[in-house]
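Chemist: Let me give you the structure first, and then I'll get to my questions.
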Amino acid sequence: MSIVILRLPDVKRQSEERPRKCAYCEGETFQRWGQVKKPVRDTRRRNVRVYRYRCCRCGRTFRYYPEGTTRADQSERLRVFAVICWTLGLSFRGVSTILSGFGITLSQMTVWRDAQEQAERMKKHNQWQRVRVLGVDGAYVLGWGEKRPVLVGVDLGNGQPVALGYVDEADPGAVRRWLEPLVQRLGVSVIVTDDLMSYHRVAEQLNLGHQVCQFHVRRWVGRALKELRTTVPKDWHWVLDEIEELIEALPPEGDRRLYALWKRLPGRKSAPDRPRTPLEQLRNLLIRLAEQWKSYTLFDQDPEVPWTNNGTEQAIGRMKMRARTVRGYKTWPGMETGMMLAGTGIS
Ligand SMILES: [Zn+2]
């Protein structure tokens with residue numbers, strides 16, 4: 001698992017270089033204008049040296065902070081360290097207490113603000129990053145006293161969550177409204193999902209490559225076959241065996257074979273208002289698998305596409321683990337940033 005953003009930044013004692021540009025104007029030449037020793041809250045340093053410069057163009061002076069520090073009391077390193085502690089499961093109060101054990105004072109409120117800020121940065125970073133293969137999966141999170149459906153998008157290149165939406169995955173219109181801008185902004189060309197009809201429809205509408213998680217396919221097809229075995233006449237059981245083998249081996253041309261089998265079966269005879277016979281159900285299964293075969297086997301032609309949606313499920317697992325211990329989200333943006341941060345995972 002790579003850590004894209006939550007890497008502990010370095011904190012320099014002093015700047016080794018001069019500023020390149022004035023803080024106020026386009027000026028590029030400066031005079032040194034004194035220095036101050038600035039106390040910082042950090043895991044290692046107690047203070048840093050900050051030089052003051054005067055711009056030769058506009059005449060104004062400004063402080064030039066060494067790498068890893070800003071005008072804030074705490075260093076960037078401490079900021080990220082606190083957020084990591086929080087991501088790993090400590091409460092804001094817990095982070096504050098742990099740090100005080102090391103002689104560092106950082107209020108709960110500051111840790112909370114740092115977490116919000118870090119999540120904001122992550123969002124900005126995500127807006128510029130390219131995501132070729134996006135894992136999408138629905139989940140339920142506990143918020144405001146009830147379970148609510150959310151949709152999570154994960155960059156399967158690095159396992160990082162890139163988007164979270166308040167969307168029910170079974171609603172194709174809502175999934176599309178959420179996914180379309182994301183696809184455009186991130187340059188997504190393939191989605192990996194489970195086998196819900198809504199995903200098939202949206203992938204087609206948005207002209208996306210689509211891989212269905214094989215765990216899901218095997219699970220539902222396995223269940224369907226098991227049931228058909230108890231209802232379909234014995235002399236058709238060889239078809240069930242063959243479907244089982246195809247799903248196991250996933251040959252690229254499997255859809256042709258499925259079509260051929262579909263043609264071998266007798267057509268629909270039951271009236272439209274009557275339930276389907278077992279053989280008709282088998283025939284339906286064959287055509288559904290044949291039509292969706294391309295989305296079962298895309299991983300075979302594209303090495304960047306995984307054959308399961310594990311990466312997405314892991315990110316959601318981290319979010320849920322964290323969500324259990326997080327209380328007090330009052331707004332959806334607060335919830336969103338917290339969940340996104342929690343999903344990044346540190347390992
Ligand atoms: Zn200037």
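Quick note on naming: the chains in the structure tokens go A, B, ... in the order shown, residues restart at 1 in each chain, and ligands are numbered from 1 in order of appearance.
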May I have the residues within 10 Å of Val232 of chain A as a list of chain:residue names, using only C-alpha atoms and disregarding those fewer than 6 positions away in the same chain?
Modeler: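 Once the nearby chain positions are removed, what remains is A:Leu225, A:Leu240, A:Thr277, A:Pro278, A:Leu279, A:Glu280, A:Gln281, A:Leu282.
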Chemist: Take the selection from the previous step and output its residues with C-alpha atoms, as a short mmCIF file (atom, residue, chain, number, x, y, z; two decimals), in the first residue's frame.
Modeler:
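Below is the file that was written, selection_30.cif:
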data_model
loop_
_atom_site.label_atom_id
_atom_site.label_comp_id
_atom_site.auth_asym_id
_atom_site.auth_seq_id
_atom_site.Cartn_x
_atom_site.Cartn_y
_atom_site.Cartn_z
CA LEU A 225 -26.42 -23.25 -10.51
CA LEU A 240 -24.84 -26.68 -15.75
CA THR A 277 -39.87 -23.03 -15.94
CA PRO A 278 -36.46 -24.25 -14.68
CA LEU A 279 -35.24 -24.72 -18.27
CA GLU A 280 -36.32 -21.19 -19.15
CA GLN A 281 -34.44 -19.92 -16.12
CA LEU A 282 -31.37 -21.78 -17.31
#
Chemist: Need to verify the contact set: segment 24-31 of chain A, 7 Å, only C-alpha atoms, exclusion of same-chain residues closer than 5 positions in sequence. Can you return it as a list in words?
Modeler: Tyr53, Arg54, Cys55, Cys56, Arg57 and Cys58 of chain A
Chemist: Using only C-alpha atoms and all ligand atoms for the distances, tell me which of A:Gly59, A:Pro251, A:Pro161, A:Pro39 is nearest to ligand 1.
Modeler: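 Using only C-alpha atoms and all ligand atoms, ligand 1 sits closest to A:Gly59.
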Chemist: Can you work out which one of A:Leu90, A:Leu151, A:Met321, A:Ile316 has the shortest atom-to-atom distance to Asp171 of chain A, counting only C-alpha atoms?
Modeler: A:Leu151
Chemist: For a quick check of understanding, using only C-alpha atoms, which of A:Lys320, A:Lys38, A:Lys226, A:Arg201 has the smallest distance to Met339 of chain A?
Modeler: A:Lys320
Chemist: Quick check for you: according to DSSP on this backbone, which residues of segment 4-145 of chain A are classed as alpha helix (DSSP H)? Reply as a VMD selection string.
Modeler: chain A and resid 76 to 87 92 to 101 108 to 128
